[in-house]
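*Asks:* For reference, this is data27.tsv, and it has TSV, C-alpha atoms and all ligand atoms.
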```tsv
chain	number	residue	atom	x	y	z
A	132	MET	CA	6.76	-0.20	25.29
A	133	THR	CA	4.77	2.98	25.79
A	134	TYR	CA	1.94	1.98	23.46
A	135	ASP	CA	-0.19	-1.11	23.94
A	136	PHE	CA	-0.70	-2.80	20.58
A	137	ASP	CA	-2.03	-5.92	22.32
A	138	ALA	CA	-5.09	-4.03	23.54
A	139	PRO	CA	-8.12	-5.13	21.49
A	140	VAL	CA	-10.09	-2.24	20.00
A	141	ASP	CA	-13.68	-3.12	19.16
A	142	ARG	CA	-14.33	-1.66	15.70
A	143	ARG	CA	-17.77	-3.15	15.25
A	144	GLY	CA	-20.42	-0.44	14.93
A	145	THR	CA	-17.94	2.06	13.46
A	146	ALA	CA	-18.87	1.37	9.82
A	147	SER	CA	-15.41	-0.08	9.30
A	148	LEU	CA	-14.96	-1.54	5.80
A	149	LYS	CA	-12.63	-4.21	7.16
A	150	TRP	CA	-15.18	-5.40	9.71
A	151	LEU	CA	-18.15	-5.75	7.36
A	152	SER	CA	-19.37	-9.29	6.80
A	153	PRO	CA	-17.61	-10.96	3.86
A	154	PRO	CA	-19.91	-10.73	0.80
A	155	GLY	CA	-21.80	-13.97	0.33
A	156	HIS	CA	-20.77	-15.18	3.81
A	157	GLU	CA	-22.92	-12.97	6.00
A	158	HIS	CA	-24.23	-16.11	7.71
A	159	VAL	CA	-20.78	-17.24	8.93
A	160	PRO	CA	-20.39	-16.01	12.51
A	161	ASP	CA	-17.39	-14.14	13.86
A	162	VAL	CA	-15.06	-14.19	10.83
A	163	ILE	CA	-11.63	-12.68	11.64
A	164	PRO	CA	-10.90	-9.97	9.02
A	165	LEU	CA	-7.29	-9.98	7.86
A	166	TRP	CA	-7.85	-8.48	4.44
A	167	VAL	CA	-8.00	-4.75	3.53
A	168	ALA	CA	-4.91	-2.75	4.53
A	169	ASP	CA	-5.85	-0.90	7.64
A	170	MET	CA	-4.79	-1.69	11.17
A	171	ASP	CA	-6.86	-2.67	14.17
A	172	PHE	CA	-4.69	-0.50	16.45
A	173	ALA	CA	-5.66	2.81	18.04
A	174	CYS	CA	-3.78	5.57	16.25
A	175	ALA	CA	-1.02	7.57	17.96
A	176	PRO	CA	-2.50	9.51	20.90
A	177	ALA	CA	-1.04	12.76	19.53
A	178	ILE	CA	-3.24	12.41	16.44
A	179	ALA	CA	-6.42	11.74	18.41
A	180	GLU	CA	-5.64	14.72	20.69
A	181	ALA	CA	-5.06	17.08	17.75
A	182	LEU	CA	-8.34	15.95	16.15
A	183	GLN	CA	-10.26	16.34	19.39
A	184	LYS	CA	-8.82	19.79	19.95
A	185	ARG	CA	-9.85	20.90	16.47
A	186	ALA	CA	-13.28	19.29	16.80
A	187	ASP	CA	-13.81	21.37	19.95
A	188	HIS	CA	-13.86	24.47	17.77
A	189	PRO	CA	-17.36	24.33	16.31
A	190	VAL	CA	-16.75	25.83	12.86
A	191	TYR	CA	-15.54	23.37	10.25
A	192	GLY	CA	-15.29	25.62	7.21
A	193	TYR	CA	-13.05	25.52	4.12
A	194	THR	CA	-9.51	24.99	5.29
A	195	VAL	CA	-6.11	25.61	3.70
A	196	ARG	CA	-2.93	23.72	4.50
A	197	PRO	CA	-0.99	25.84	6.99
A	198	ASP	CA	2.79	26.40	6.96
A	199	GLY	CA	3.20	23.91	9.80
A	200	TYR	CA	1.64	21.21	7.66
A	201	TYR	CA	4.28	21.63	4.97
A	202	GLU	CA	7.14	21.97	7.45
A	203	ALA	CA	6.18	18.75	9.24
A	204	PHE	CA	5.92	16.80	5.98
A	205	ILE	CA	9.17	18.13	4.47
A	206	SER	CA	11.02	17.40	7.69
A	207	TRP	CA	9.57	13.85	7.81
A	208	MET	CA	10.62	13.11	4.24
A	209	GLY	CA	14.15	14.37	4.92
A	210	ARG	CA	14.51	12.54	8.24
A	211	ARG	CA	12.92	9.22	7.37
A	212	ASN	CA	13.28	8.95	3.60
A	213	HIS	CA	16.43	11.00	2.97
A	214	TRP	CA	14.82	13.14	0.33
A	215	ASN	CA	14.99	16.91	0.70
A	216	ILE	CA	11.96	18.21	-1.08
A	217	ALA	CA	11.02	21.79	-1.90
A	218	ARG	CA	7.64	23.07	-0.78
A	219	SER	CA	6.77	24.08	-4.33
A	220	TRP	CA	6.97	20.43	-5.45
A	221	ILE	CA	4.17	19.33	-3.11
A	222	THR	CA	0.62	19.00	-4.29
A	223	HIS	CA	-2.34	16.98	-3.10
A	224	ALA	CA	-5.19	14.54	-3.52
A	225	PRO	CA	-7.88	13.13	-1.27
A	226	GLY	CA	-6.00	9.82	-1.15
A	227	VAL	CA	-3.31	7.94	-3.02
A	228	VAL	CA	-5.81	6.11	-5.25
A	229	PRO	CA	-7.39	9.43	-6.36
A	230	ALA	CA	-3.83	10.76	-6.94
A	231	LEU	CA	-3.05	7.79	-9.12
A	232	ASN	CA	-6.10	8.43	-11.26
A	233	LEU	CA	-5.31	12.14	-11.50
A	234	ALA	CA	-1.76	11.33	-12.62
A	235	ILE	CA	-3.11	8.98	-15.30
A	236	LEU	CA	-5.41	11.73	-16.59
A	237	ALA	CA	-2.63	14.32	-16.44
A	238	CYS	CA	0.18	12.43	-18.18
A	239	SER	CA	-1.43	10.12	-20.72
A	240	HIS	CA	-4.18	10.06	-23.30
A	241	PRO	CA	-6.99	7.57	-23.91
A	242	GLY	CA	-5.58	4.56	-25.74
A	243	ASP	CA	-2.05	5.04	-24.33
A	244	GLY	CA	-0.34	2.11	-22.64
A	245	ILE	CA	0.47	2.15	-18.93
A	246	VAL	CA	2.75	-0.45	-17.37
A	247	ILE	CA	2.18	-2.24	-14.10
A	248	GLN	CA	4.14	-5.02	-12.41
A	249	PRO	CA	1.67	-7.67	-11.27
A	250	PRO	CA	0.77	-9.21	-8.96
A	251	VAL	CA	0.06	-5.70	-7.69
A	252	TYR	CA	-2.39	-3.53	-5.74
A	253	TYR	CA	-5.60	-3.89	-7.76
A	254	PRO	CA	-6.66	-0.20	-8.09
A	255	PHE	CA	-3.67	0.27	-10.42
A	256	MET	CA	-5.41	-1.91	-13.01
A	257	ALA	CA	-8.81	-0.35	-12.36
A	258	GLY	CA	-7.38	3.17	-12.76
A	259	ILE	CA	-5.83	2.32	-16.12
A	260	ARG	CA	-8.89	0.56	-17.51
A	261	ASN	CA	-11.51	2.95	-16.11
A	262	ASN	CA	-9.73	5.90	-17.70
A	263	GLY	CA	-9.64	4.24	-21.11
A	264	ARG	CA	-5.88	3.51	-21.10
A	265	ARG	CA	-4.42	0.13	-21.99
A	266	LEU	CA	-2.88	-2.19	-19.46
A	267	LEU	CA	0.70	-3.26	-20.21
A	268	GLU	CA	1.96	-5.99	-17.92
A	269	ASN	CA	5.55	-6.42	-16.82
A	270	PRO	CA	4.96	-9.32	-14.40
A	271	LEU	CA	7.35	-9.78	-11.50
A	272	VAL	CA	9.36	-12.99	-11.63
A	273	ILE	CA	10.41	-15.20	-8.73
A	274	ARG	CA	14.16	-15.89	-8.73
A	275	ASN	CA	15.50	-18.07	-5.90
A	276	GLY	CA	12.34	-17.41	-3.87
A	277	ILE	CA	12.63	-13.61	-4.25
A	278	TYR	CA	10.36	-11.44	-6.39
A	279	SER	CA	12.32	-9.44	-8.98
A	280	MET	CA	11.62	-7.12	-11.88
A	281	ASP	CA	11.95	-8.45	-15.41
A	282	PHE	CA	13.90	-5.64	-17.08
A	283	GLU	CA	14.35	-7.45	-20.40
A	284	GLN	CA	10.63	-7.94	-20.87
A	285	LEU	CA	10.05	-4.31	-19.83
A	286	GLU	CA	12.51	-2.93	-22.38
A	287	ALA	CA	11.02	-5.02	-25.17
A	288	MET	CA	7.51	-3.90	-24.25
A	289	LEU	CA	8.43	-0.21	-24.09
A	290	ASP	CA	10.33	-0.45	-27.37
A	291	ASN	CA	7.30	-1.76	-29.25
A	292	PRO	CA	5.66	1.40	-30.72
A	293	ALA	CA	2.30	-0.37	-30.96
A	294	ASN	CA	2.16	-0.37	-27.15
A	295	ARG	CA	2.25	3.45	-26.94
A	296	ALA	CA	3.74	3.19	-23.45
A	297	ARG	CA	3.57	6.56	-21.66
A	298	MET	CA	3.66	5.69	-17.99
A	299	LEU	CA	4.72	3.05	-15.48
A	300	ILE	CA	3.03	2.71	-12.11
A	301	LEU	CA	5.46	1.39	-9.54
A	302	CYS	CA	4.53	0.04	-6.13
A	303	SER	CA	7.40	0.74	-3.73
A	304	PRO	CA	7.48	-0.97	-1.28
A	305	HIS	CA	5.53	-3.52	-3.22
A	306	ASN	CA	2.03	-4.54	-2.18
A	307	PRO	CA	1.38	-7.51	-2.10
A	308	VAL	CA	4.78	-9.21	-2.54
A	309	GLY	CA	6.47	-7.25	0.28
A	310	ARG	CA	9.65	-6.22	-1.54
A	311	VAL	CA	11.59	-3.08	-0.64
A	312	TRP	CA	13.29	-2.29	-3.92
A	313	ARG	CA	17.06	-1.78	-3.77
A	314	SER	CA	18.48	1.45	-5.15
A	315	SER	CA	20.23	-0.53	-7.91
A	316	GLU	CA	16.88	-1.99	-9.02
A	317	LEU	CA	15.22	1.42	-8.96
A	318	ALA	CA	18.10	3.05	-10.81
A	319	LYS	CA	17.83	0.48	-13.58
A	320	LEU	CA	14.07	0.88	-13.80
A	321	VAL	CA	14.41	4.68	-13.94
A	322	ASP	CA	17.09	4.50	-16.63
A	323	ILE	CA	14.91	2.28	-18.80
A	324	CYS	CA	11.89	4.58	-18.43
A	325	VAL	CA	13.73	7.88	-18.80
A	326	ALA	CA	15.51	6.70	-21.96
A	327	ARG	CA	12.08	6.13	-23.51
A	328	GLY	CA	10.23	9.15	-22.13
A	329	VAL	CA	8.03	7.09	-19.84
A	330	VAL	CA	6.72	8.89	-16.72
A	331	ILE	CA	6.98	6.91	-13.47
A	332	VAL	CA	4.22	7.17	-10.91
A	333	SER	CA	5.79	5.83	-7.74
A	334	ASP	CA	3.25	4.81	-5.12
A	335	GLU	CA	5.25	4.96	-1.87
A	336	ILE	CA	2.36	4.81	0.58
A	337	HIS	CA	4.00	1.90	2.43
A	338	SER	CA	7.45	3.53	2.66
A	339	ASP	CA	7.33	4.02	6.43
A	340	ILE	CA	6.52	0.36	7.11
A	341	ILE	CA	9.93	-1.24	6.69
A	342	LEU	CA	10.26	-4.56	8.50
A	343	GLY	CA	13.50	-5.89	7.00
A	344	THR	CA	17.00	-4.49	7.14
A	345	GLU	CA	16.99	-2.68	3.80
A	346	PRO	CA	15.97	0.99	3.76
A	347	HIS	CA	13.31	2.43	1.52
A	348	VAL	CA	14.76	4.51	-1.32
A	349	CYS	CA	12.56	7.13	-2.96
A	350	THR	CA	12.39	6.43	-6.69
A	351	ALA	CA	12.92	10.11	-7.42
A	352	THR	CA	16.37	9.92	-5.78
A	353	ALA	CA	17.47	6.64	-7.36
A	354	ALA	CA	19.17	8.00	-10.50
A	355	ALA	CA	20.31	11.30	-11.98
A	356	ALA	CA	17.23	12.14	-14.04
A	357	ALA	CA	14.76	10.37	-11.79
A	358	SER	CA	13.17	13.36	-10.12
A	359	GLU	CA	12.29	14.97	-13.47
A	360	TRP	CA	10.33	11.91	-14.55
A	361	THR	CA	8.74	10.79	-11.30
A	362	ILE	CA	5.45	11.60	-9.62
A	363	THR	CA	5.71	10.35	-6.03
A	364	LEU	CA	2.62	9.50	-4.02
A	365	THR	CA	2.78	9.24	-0.24
A	366	ALA	CA	0.37	9.51	2.68
A	367	PRO	CA	0.19	9.08	6.44
A	368	ASN	CA	-2.80	6.77	5.89
A	369	LYS	CA	-1.12	3.38	6.22
A	370	THR	CA	1.68	4.49	8.53
A	371	PHE	CA	-0.60	6.02	11.14
A	372	ASN	CA	-3.83	4.15	10.48
A	373	ILE	CA	-5.83	7.18	9.38
A	374	ALA	CA	-7.02	6.05	5.93
A	375	GLY	CA	-10.56	7.21	6.71
A	376	LEU	CA	-9.30	10.81	6.78
A	377	GLN	CA	-8.54	10.70	3.04
A	378	ILE	CA	-5.35	12.65	2.60
A	379	ALA	CA	-2.29	12.25	0.36
A	380	ASN	CA	0.85	14.08	-0.70
A	381	VAL	CA	1.91	14.21	-4.31
A	382	ILE	CA	5.50	15.27	-4.97
A	383	ILE	CA	6.29	16.46	-8.50
A	384	PRO	CA	9.62	18.28	-8.98
A	385	ASN	CA	9.12	18.71	-12.74
A	386	PRO	CA	7.07	21.94	-13.25
A	387	ARG	CA	5.56	20.72	-16.51
A	388	LEU	CA	4.24	17.49	-14.99
A	389	ARG	CA	3.13	19.36	-11.89
A	390	ALA	CA	1.14	21.87	-13.93
A	391	ALA	CA	-0.55	19.03	-15.81
A	392	TYR	CA	-1.39	17.27	-12.55
A	393	ASN	CA	-2.68	20.45	-10.89
A	394	ALA	CA	-4.88	21.17	-13.90
A	395	GLN	CA	-6.67	17.87	-13.26
A	396	VAL	CA	-7.02	18.72	-9.56
A	397	GLU	CA	-8.61	22.03	-10.56
A	398	ASN	CA	-10.89	20.41	-13.14
A	399	LEU	CA	-12.34	18.13	-10.52
A	400	GLY	CA	-12.52	20.80	-7.81
A	401	LEU	CA	-10.17	18.96	-5.46
A	402	GLY	CA	-7.88	21.85	-4.51
A	403	LEU	CA	-9.01	22.20	-0.93
A	404	GLY	CA	-8.51	19.40	1.54
A	405	ASN	CA	-10.34	17.66	4.35
A	406	LEU	CA	-9.87	19.74	7.49
A	407	PHE	CA	-9.42	16.73	9.78
A	408	GLY	CA	-7.01	15.04	7.39
A	409	ILE	CA	-4.84	18.15	7.35
A	410	VAL	CA	-4.81	18.37	11.16
A	411	ALA	CA	-4.09	14.65	11.56
A	412	GLN	CA	-1.25	14.61	9.05
A	413	GLU	CA	0.59	17.47	10.72
A	414	ALA	CA	0.20	15.89	14.17
A	415	ALA	CA	1.35	12.51	12.83
A	416	TYR	CA	4.52	13.77	11.17
A	417	ARG	CA	5.33	16.10	14.06
A	418	HIS	CA	4.59	13.86	17.04
A	419	GLY	CA	4.03	10.32	15.77
A	420	GLU	CA	7.55	9.00	15.31
A	421	SER	CA	7.98	7.18	18.63
A	422	TRP	CA	4.59	5.49	18.11
A	423	LEU	CA	5.69	4.37	14.65
A	424	GLU	CA	8.98	2.96	15.97
A	425	GLU	CA	7.09	0.83	18.49
A	426	LEU	CA	4.53	-0.20	15.88
A	427	LEU	CA	7.31	-1.50	13.64
A	428	VAL	CA	8.72	-3.64	16.46
A	429	TYR	CA	5.25	-5.03	17.14
A	430	LEU	CA	4.56	-5.79	13.47
A	431	LYS	CA	7.91	-7.54	13.20
A	432	GLY	CA	6.92	-9.69	16.19
A	433	ASN	CA	3.63	-10.55	14.46
A	434	GLU	CA	5.45	-11.48	11.29
A	435	GLN	CA	7.86	-13.75	13.17
A	436	MET	CA	4.99	-15.42	14.99
A	437	VAL	CA	3.16	-16.18	11.72
A	438	ARG	CA	6.35	-17.36	10.04
A	439	SER	CA	7.26	-19.81	12.80
A	440	PHE	CA	3.67	-21.03	13.20
A	441	LEU	CA	3.49	-21.87	9.49
A	442	ALA	CA	6.94	-23.47	9.41
A	443	GLU	CA	6.24	-25.66	12.44
A	444	ARG	CA	2.56	-26.47	12.09
A	445	LEU	CA	1.42	-25.74	8.53
A	446	PRO	CA	4.49	-26.31	6.35
A	447	ARG	CA	2.46	-26.63	3.15
A	448	ILE	CA	1.72	-22.90	3.27
A	449	GLN	CA	4.69	-20.90	2.05
A	450	ALA	CA	5.38	-17.37	3.38
A	451	TYR	CA	7.41	-15.04	1.17
A	452	PRO	CA	10.02	-12.72	2.74
A	453	LEU	CA	8.49	-9.50	4.06
A	454	GLU	CA	10.77	-6.49	3.69
A	455	GLY	CA	8.10	-3.80	3.74
A	456	THR	CA	4.33	-3.28	4.28
A	457	TYR	CA	2.36	-5.15	6.95
A	458	LEU	CA	0.91	-7.48	4.32
A	459	MET	CA	2.23	-11.01	4.09
A	460	TRP	CA	2.11	-12.89	0.78
A	461	LEU	CA	1.28	-16.54	1.33
A	462	TYR	CA	1.26	-19.39	-1.20
A	463	PHE	CA	-1.49	-21.95	-0.62
A	464	GLY	CA	-1.07	-23.73	-3.97
A	465	ASN	CA	0.41	-26.84	-2.35
A	466	LEU	CA	-2.95	-27.59	-0.72
A	467	GLY	CA	-4.35	-28.59	-4.11
A	468	MET	CA	-7.45	-26.35	-3.97
A	469	ASP	CA	-8.38	-24.01	-6.80
A	470	ASP	CA	-8.82	-20.30	-6.02
A	471	MET	CA	-12.60	-20.45	-5.55
A	472	ALA	CA	-12.39	-23.48	-3.29
A	473	LEU	CA	-9.60	-21.90	-1.26
A	474	ARG	CA	-11.58	-18.70	-0.67
A	475	GLU	CA	-14.61	-20.73	0.35
A	476	PHE	CA	-12.54	-22.92	2.65
A	477	LEU	CA	-10.93	-19.99	4.44
A	478	LEU	CA	-14.19	-18.10	4.93
A	479	SER	CA	-16.54	-20.95	5.74
A	480	ARG	CA	-14.34	-23.55	7.41
A	481	ALA	CA	-11.49	-21.55	8.96
A	482	ARG	CA	-13.59	-18.39	9.42
A	483	ILE	CA	-10.77	-16.06	8.45
A	484	TRP	CA	-10.92	-13.41	5.71
A	485	LEU	CA	-7.77	-12.89	3.67
A	486	ASP	CA	-7.42	-10.98	0.39
A	487	GLU	CA	-7.47	-13.37	-2.56
A	488	GLY	CA	-4.31	-13.43	-4.64
A	489	THR	CA	-6.33	-13.40	-7.88
A	490	LYS	CA	-7.46	-9.83	-7.12
A	491	PHE	CA	-3.85	-8.75	-7.68
A	492	GLY	CA	-3.85	-9.97	-11.28
A	493	THR	CA	-1.29	-12.05	-13.12
A	494	GLY	CA	0.74	-14.21	-10.78
A	495	GLY	CA	-1.80	-14.07	-7.96
A	496	SER	CA	-3.41	-17.48	-8.39
A	497	GLY	CA	-2.79	-19.79	-5.42
A	498	PHE	CA	-1.87	-16.87	-3.15
A	499	MET	CA	-3.57	-15.04	-0.32
A	500	ARG	CA	-2.54	-11.75	1.30
A	501	LEU	CA	-2.63	-11.64	5.07
A	502	ASN	CA	-2.80	-8.36	6.99
A	503	LEU	CA	-0.60	-8.64	10.10
A	504	ALA	CA	-1.73	-5.40	11.71
A	505	CYS	CA	-3.92	-6.58	14.57
A	506	PRO	CA	-3.32	-7.64	18.17
A	507	ARG	CA	-1.10	-10.73	18.25
A	508	ALA	CA	-3.64	-12.83	20.15
A	509	ARG	CA	-6.19	-12.32	17.37
A	510	LEU	CA	-3.65	-13.21	14.70
A	511	ARG	CA	-2.75	-16.35	16.61
A	512	GLU	CA	-6.39	-17.29	16.93
A	513	ALA	CA	-6.73	-16.92	13.15
A	514	LEU	CA	-3.79	-19.27	12.60
A	515	GLU	CA	-5.22	-21.78	15.06
A	516	ARG	CA	-8.56	-21.68	13.24
A	517	LEU	CA	-6.74	-22.28	9.97
A	518	GLU	CA	-4.83	-25.20	11.44
A	519	ALA	CA	-7.97	-26.75	12.92
A	520	ALA	CA	-9.81	-26.47	9.59
A	521	LEU	CA	-6.90	-28.00	7.69
A	522	VAL	CA	-6.51	-30.84	10.21
A	523	ASP	CA	-10.23	-31.49	9.95
A	524	ALA	CA	-9.93	-31.64	6.15
A	525	GLY	CA	-6.86	-33.87	6.37
A	526	MET	CA	-4.71	-31.21	4.66
A	527	ALA	CA	-2.49	-29.89	7.44
A	528	ARG	CA	0.67	-31.75	6.37
B	601	LIG	C1	-0.05	0.49	-2.73
B	601	LIG	C2	-1.25	1.21	-2.20
B	601	LIG	N1	-1.59	2.41	-2.69
B	601	LIG	C3	-2.66	3.09	-2.25
B	601	LIG	C4	-3.46	2.57	-1.25
B	601	LIG	C5	-4.68	3.31	-0.80
B	601	LIG	O1	-4.40	4.65	-0.63
B	601	LIG	P1	-5.51	5.68	-0.23
B	601	LIG	O2	-6.35	5.09	0.84
B	601	LIG	O3	-4.73	6.88	0.22
B	601	LIG	O4	-6.29	5.97	-1.48
B	601	LIG	C6	-3.15	1.32	-0.71
B	601	LIG	C7	-4.02	0.71	0.32
B	601	LIG	O5	-3.94	-0.44	0.61
B	601	LIG	C8	-2.01	0.63	-1.18
B	601	LIG	O6	-1.66	-0.56	-0.70
```
Rewrite the coordinates I just gave you, this time as C-alpha cells.

*Replies:*
Amino acid sequence: MTYDFDAPVDRRGTASLKWLSPPGHEHVPDVIPLWVADMDFACAPAIAEALQKRADHPVYGYTVRPDGYYEAFISWMGRRNHWNIARSWITHAPGVVPALNLAILACSHPGDGIVIQPPVYYPFMAGIRNNGRRLLENPLVIRNGIYSMDFEQLEAMLDNPANRARMLILCSPHNPVGRVWRSSELAKLVDICVARGVVIVSDEIHSDIILGTEPHVCTATAAAAASEWTITLTAPNKTFNIAGLQIANVIIPNPRLRAAYNAQVENLGLGLGNLFGIVAQEAAYRHGESWLEELLVYLKGNEQMVRSFLAERLPRIQAYPLEGTYLMWLYFGNLGMDDMALREFLLSRARIWLDEGTKFGTGGSGFMRLNLACPRARLREALERLEAALVDAGMAR
C-alpha cells in the first residue's frame, strides 16, 4: 500500500462537524464519532498539493471552470462509470444537497408530489417539505434479507392522479441500506417513471464507493429513454473526502430540463463556483485514482472486521450486506431497546456516536448507520466499547 489509512489524523480543532460533541451529550468524554458521512483519512496527496499550489497565488478572485476541469470529469465518468457524457450536459451546484433542491424547484411546482424510497438520506425529505412539495413514500422492502424496490406500490402511487407525482428522487448507491442497484432494477424503475412523465433525480454521490462485486450503473444509461428523463447528481466529495469544498456536478442531457435547472441556478446567483473546489475536483479526477483503489481495499477490510466482530461477539446486532457506500446499516432491534433508549445507550454507555435509523424515515426504527471510514484501530475500539457496554448491561448475547 502506498497510502497509510491506518495513520490517525487528529481532526479536533478543525471545526469538523463530525467531531463536534453530540448534542445533549457534551459532558460525555471522548465519544468516537461514526455518524456523518465524511472520512477521517487524509485526502489524496495530489489534491492537497494542487490546493497548496493554488493557495500560494495570493489572488482568490471569481473563478470559472477551466477546460481541464471538464476533461478530467468527462474522462472519469467514461472510465469509471461507463457513461460518455457531453460537456454541454454538465452543470453545477455548490453541493449535491443544493443540487437536489434546485432540481425540485426546477421540475415541480408547490403542491406536487415527489417520491422517495425510505429509509433514505434525510435531506431528500427536507428538500421536498421545505420547498412546499408533498412527500410520496415508496418504502423499500426486505426480501430474503435484501432491500428491494416495491414496483407495484410505486405504480399504484404514480397512477393515482390525486398524488400529482412529478418527480422521484433515487439514491444510487443507496444510503443508508448499502444497495448497488442492478441495471434490471434501474431499467424497471425508469420504465415506470418515463411511462408516467415522472422526472428522476438520481443522486449518485456514492457511485465511486463500490465494495461488493456488482458495478454501479448510471440511471441515465439503464434504459432507452432514461437519459431524457434523468438529472444525475455526482460529486468528488464522498469519494475523495473533500465535502468541505462544496462542489457538485449535475448532468442533464435533456435541454429542456437543463434550461429549467440553470434558470434556478441563475435566480439564486450560484453560477460561479468555489475556486478551491474547482481545483480539488480536477486534481482528484486526474490524479486520485490509485488513492481511491487503495481506499476501497481498506474500507472493505474495515467492513469485514466489523462483520466478523458482530457475528462472533455481538450476534444480536444484524449487519445488512454492504454493496456500496462506506455506511453500514445495522439492526439493533433484537436488543429490546426503543430508539430513544438505544441512542442514549450508545452515546452515554458505549461512548460511540452512530446515526440513528429514525432520521432516515419510514423503516429506520431499530437501526443505526455506522460510518466505516476511519482508521481500523479506532473502529475496533468502538466495537470493543460497544461490547463492554452490552456485557455490562447483560445484553451481549
Ligand atoms: C446520498 C447523499 N447525497 C448527498 C450527500 C451530501 O452531498 P453534498 O455534501 O455534496 O451536499 C450525502 C452525504 O452524506 C449523501 O449521502

*Asks:* Can you tell me which residues surround A:Asp523 at a distance of at most 12 Å, considering all atoms listed in the file, apart from same-chain residues fewer than 4 positions away, and format the answer as an NGL selection string?

*Replies:* :A and (476 or 480-481 or 516-519 or 527-528)

*Asks:* Rounded to one decimal in Å, what is the spacing between atom CA of A:Ala237 and atom CA of A:Tyr392?

*Replies:*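 Atom-to-atom, atom CA of A:Ala237 and atom CA of A:Tyr392 are spaced 5.0 Å apart.
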
*Asks:* Taking (13.5, 13.4, -12.5) in the coordinates of the supplied file, I want to know which residues reach to within 12 Å of it, counting only C-alpha atoms; could you give the answer as an NGL selection string?

*Replies:* :A and (220 or 318 or 321-322 or 324-326 or 328-333 or 349-363 or 382-389)

*Asks:* Could you pull the residues within 8 Å of A:Thr489, counting only C-alpha atoms, minus those fewer than 5 positions along the same chain, as an NGL selection string?

*Replies:* :A and (470 or 494-498)

*Asks:* Can you measure atom CA of A:Leu458 to atom CA of A:Leu501 for me? One decimal in Å is fine.

*Replies:* 5.5 Å

*Asks:* Could the residues that lie within 8 Å of ligand LIG 601 (chain B), counting only C-alpha atoms and all ligand atoms, be listed as a ChimeraX atom specification?

*Replies:* /A:167-169,225-230,251-252,254,302-307,334-337,365-366,368-369,374-375,377-379

*Asks:* So which one's closest to A:Thr456, A:Arg142, A:His347, A:Arg509, A:Arg185? Using all atoms listed in the file, please.

*Replies:*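 Selected residue with least distance to A:Thr456: A:His347.
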
*Asks:* Excluding same-chain residues fewer than 3 positions from A:Leu289, what lies within 9 Å of it counting all atoms listed in the file, as a ChimeraX atom specification?

*Replies:* /A:246,284-286,292,294-297,323-324,327,329

*Asks:* Which protein, DNA or RNA residues have an atom at most 7 Å from (-5.7, -23.7, -5.9), counting only C-alpha atoms? List them as a ChimeraX atom specification.

*Replies:* /A:463-464,467-470,473,497

*Asks:* Counting all atoms listed in the file, which residues of stretch 164-186 of chain A fall within 9 Å of stretch 419-430 of chain A, and what is the closest atom pair for each with its distance in Å at one decimal, ordered by chain and rising number, as CSV?

*Replies:*
```
residue,atom,partner,partner_atom,distance
A:Cys174,CA,A:Trp422,CA,8.6
A:Ala175,CA,A:Trp422,CA,6.0
A:Pro176,CA,A:Gly419,CA,8.3
A:Ala177,CA,A:Gly419,CA,6.8
A:Ile178,CA,A:Gly419,CA,7.6
```

*Asks:* Hey, can you check how far atom CA of A:Tyr278 sits from atom CA of A:Gly309?

*Replies:*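 Spanning atom CA of A:Tyr278 to atom CA of A:Gly309 is a straight-line distance of 8.8 Å.
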
*Asks:* Using all atoms listed in the file, determine which residues lie at most 7 Å from A:Ala450, disregarding the query and same-chain residues fewer than 2 positions distant; provide the list as a list in words.

*Replies:* Arg438, Ile448, Pro452, Trp460, Leu461 and Tyr462 of chain A

*Asks:* For A:Asp198, list every protein, DNA or RNA residue within 12 Å, evaluated using only C-alpha atoms, and leave out those in the same chain fewer than 6 positions away; present the list as an mmCIF file with C-alpha atoms, in the coordinates of the input.

*Replies:*
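Written file, part-v7.cif:
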```cif
data_model
loop_
_atom_site.group_PDB
_atom_site.id
_atom_site.type_symbol
_atom_site.label_atom_id
_atom_site.label_comp_id
_atom_site.auth_asym_id
_atom_site.auth_seq_id
_atom_site.Cartn_x
_atom_site.Cartn_y
_atom_site.Cartn_z
ATOM 1 C CA PHE A 204 5.920 16.800 5.980
ATOM 2 C CA ILE A 205 9.170 18.130 4.470
ATOM 3 C CA ARG A 218 7.640 23.070 -0.780
ATOM 4 C CA ILE A 409 -4.840 18.150 7.350
ATOM 5 C CA VAL A 410 -4.810 18.370 11.160
ATOM 6 C CA GLU A 413 0.590 17.470 10.720
#
```

*Asks:* Calculated over all atoms listed in the file, which of the candidates A:Ser147, A:Thr344, A:Asn269, A:Thr194 has the smallest distance to A:Phe407?

*Replies:* A:Thr194

*Asks:* Rank A:Gln183, A:Asn291, A:Thr370, A:Ser439 by their smallest atom-to-atom distance to A:Ala415, using all atoms listed in the file, and report the top residue only.

*Replies:* A:Thr370

*Asks:* From the list A:Ile235, A:Val311, A:Met170, A:Ala217, which residue is nearest A:Leu342 when using only C-alpha atoms?

*Replies:*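 The answer is A:Val311, which sits nearest to A:Leu342.
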
*Asks:* Under the rule that only C-alpha atoms are counted, which of A:Asp171, A:Ala513, A:Asp290, A:Leu271 is the nearest residue to A:Leu441?

*Replies:*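 Among the listed residues, A:Ala513 lies closest to A:Leu441.
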
*Asks:* Could you give me the centre and size, in Å to one decimal, of an axis-aligned box around all listed atoms of stretch 357-376 of chain A with 3 Å added on every side, as lines of an AutoDock Vina configuration file?

*Replies:*
```
center_x = 2.1
center_y = 9.2
center_z = -1.7
size_x = 31.3
size_y = 17.6
size_z = 31.7
```

*Asks:* Provide stretch 194-198 of chain A of the preceding structure as a file containing N, CA and C atoms, as a short mmCIF file (atom, residue, chain, number, x, y, z; two decimals), in the first residue's frame.

*Replies:*
```
data_model
loop_
_atom_site.label_atom_id
_atom_site.label_comp_id
_atom_site.auth_asym_id
_atom_site.auth_seq_id
_atom_site.Cartn_x
_atom_site.Cartn_y
_atom_site.Cartn_z
N THR A 194 -13.79 32.77 -10.22
CA THR A 194 -13.08 31.75 -10.99
C THR A 194 -14.05 30.95 -11.85
N VAL A 195 -13.68 30.72 -13.10
CA VAL A 195 -14.51 29.87 -13.97
C VAL A 195 -13.94 28.45 -13.95
N ARG A 196 -14.74 27.53 -14.47
CA ARG A 196 -14.24 26.14 -14.56
C ARG A 196 -13.46 26.00 -15.85
N PRO A 197 -12.17 25.68 -15.76
CA PRO A 197 -11.35 25.63 -16.97
C PRO A 197 -11.61 24.36 -17.79
N ASP A 198 -11.11 24.34 -19.02
CA ASP A 198 -11.30 23.16 -19.89
C ASP A 198 -10.85 21.88 -19.19
#
```
